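S.K.: Structure provided below as structure tokens; questions to follow.
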Amino acid sequence: MRSAAEPSIAAMGRSSDLLDQVDYRLAQTPEEKEKIYNLRYRAYLREGAVQPSADQRVTDQYDDLPNSWTFGVYLYGELYSSVRISVLTSEWRQSCSNEAFGEILNPMLDRGQVIIDPARFVADPDKARRFPELPYVTLRLAYMACEYFNADIGLAIVRAEHQAFYRRVFLHETIAEPRFFPGLLKPVGLMAADFPAMRDRVFERYPMMRSTAFERRMLFERRSAPADVAPFEGTSLAPQSCRIGV
């Protein structure tokens, strides 16, 4: 049975047209962040991944770190999904994946590798079915980050039932079996891909994963990033959003 998070390949025929309607927005204001924290709660609750809570929000200590970027993905002006992108280096190691799988990731960082860690990937449970290609559109942000920060490794922290999708589509390999993570009721495993080795194969299969240097700069460049996660492309500052296809 296909996971609800997994679109069919046929659905990707609409991807180019859909990207014209996508607005990637970096969550910066308290209001933008609260919408995403509530979206996480609703998505996790629907999946049975968290217990009901009165405040109806999911956040953690990594949301406001200088090496993390939390994006909302908007379609037709409405919030549909979100993902947090963390950039890990030898000097800046804080992320939820490294908290859970530090014995695997820290040796990579010790060798000077740059790792992109996308986490908190959620989609609005009432809207996601309208766009089965939404996972591609959302995880495209991780590919843009890999290119922008010249990453060696791209991660995915994934529940067991979703790993086949990441293995087939994004060519990830499982490097740690699922384990329980604080705050979640379902275990997650760690998957990884050698980005320089796999990027062209993924881009050939899914051209919509490509991006321009301008688009990447608009999304990821900011003054507050630590020196060792500084942008590799250009020097201009990022606005709060980037409309695709404009």
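Labels for the structure tokens follow display order: chains A, B, ..., residues from 1 in each chain, ligands from 1.
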Neighbours of range 122-130 of chain A within 9 Å (only C-alpha atoms; same-chain residues fewer than 3 positions away dropped), as number ranges by chain?
M.R.: A: 4-5, 39-40, 42-44, 46, 79-83, 119, 133-135, 138
S.K.: Within 6 Å of range 192-199 of chain A, counting only C-alpha atoms, which residues show up once you throw out same-chain ones fewer than 6 positions away? Write them as a PDB file with N, CA, C and O atoms, in the first residue's frame, please.
M.R.:
ATOM      1  N   ASP A 152      28.000  17.683   1.402  1.00  0.00           N
ATOM      2  CA  ASP A 152      28.484  16.342   1.091  1.00  0.00           C
ATOM      3  C   ASP A 152      27.384  15.302   1.258  1.00  0.00           C
ATOM      4  O   ASP A 152      27.299  14.348   0.487  1.00  0.00           O
ATOM      5  N   ILE A 153      26.549  15.490   2.280  1.00  0.00           N
ATOM      6  CA  ILE A 153      25.538  14.498   2.643  1.00  0.00           C
ATOM      7  C   ILE A 153      24.188  15.173   2.818  1.00  0.00           C
ATOM      8  O   ILE A 153      24.086  16.236   3.433  1.00  0.00           O
ATOM      9  N   GLY A 154      23.153  14.554   2.280  1.00  0.00           N
ATOM     10  CA  GLY A 154      21.782  14.960   2.549  1.00  0.00           C
ATOM     11  C   GLY A 154      21.101  13.889   3.375  1.00  0.00           C
ATOM     12  O   GLY A 154      21.165  12.698   3.027  1.00  0.00           O
ATOM     13  N   LEU A 155      20.463  14.274   4.460  1.00  0.00           N
ATOM     14  CA  LEU A 155      19.826  13.326   5.370  1.00  0.00           C
ATOM     15  C   LEU A 155      18.320  13.267   5.155  1.00  0.00           C
ATOM     16  O   LEU A 155      17.718  14.121   4.514  1.00  0.00           O
ATOM     17  N   HIS A 172      18.220   7.600  -1.311  1.00  0.00           N
ATOM     18  CA  HIS A 172      18.776   7.534   0.028  1.00  0.00           C
ATOM     19  C   HIS A 172      19.018   6.075   0.431  1.00  0.00           C
ATOM     20  O   HIS A 172      18.342   5.162  -0.057  1.00  0.00           O
ATOM     21  N   GLU A 173      19.952   5.884   1.336  1.00  0.00           N
ATOM     22  CA  GLU A 173      20.208   4.589   1.941  1.00  0.00           C
ATOM     23  C   GLU A 173      19.998   4.692   3.444  1.00  0.00           C
ATOM     24  O   GLU A 173      20.307   5.725   4.055  1.00  0.00           O
TER      25      GLU A 173
END
S.K.: Determine, counting only C-alpha atoms, which protein, DNA and RNA residues have an atom within 8 Å of an atom of range 203-211 of chain A; residues of the same chain fewer than 3 positions away are not included. Present the result as a ChimeraX atom specification.
M.R.: /A:15-16,136-137,140,143-144,199-200,215-216
S.K.: I'd like the neighbourhood of range 111-118 of chain A as a ChimeraX atom specification, where a residue qualifies if any of its atoms comes within 10 Å (using only C-alpha atoms), though same-chain residues fewer than 3 positions away should be ignored.
M.R.: /A:68-70,83-93,95-98,105-108,121,139,141-143,145-147,149-157,192-195,228-229
S.K.: How far is it from CA of Leu45 in chain A to CA of His162 in chain A, in Å with one decimal?
M.R.: 17.2 Å
S.K.: Could you check which of A:Ile104, A:Ala213, A:Leu65, A:Val202 is closest to Val169 in chain A, using only C-alpha atoms?
M.R.: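 Of all the options, A:Val202 lies closest to Val169 in chain A.
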S.K.: Using CA of Gly102 in chain A and CA of Phe220 in chain A as the two end points, give the distance in Å to one decimal.
M.R.: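 A separation of 24.9 Å between them.
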S.K.: How would you write, as a PyMOL selection string, the set of residues in range 56-150 of chain A that DSSP gives as helix (DSSP H, G or I)?
M.R.: chain A and resi 96-110+128-130+134-148
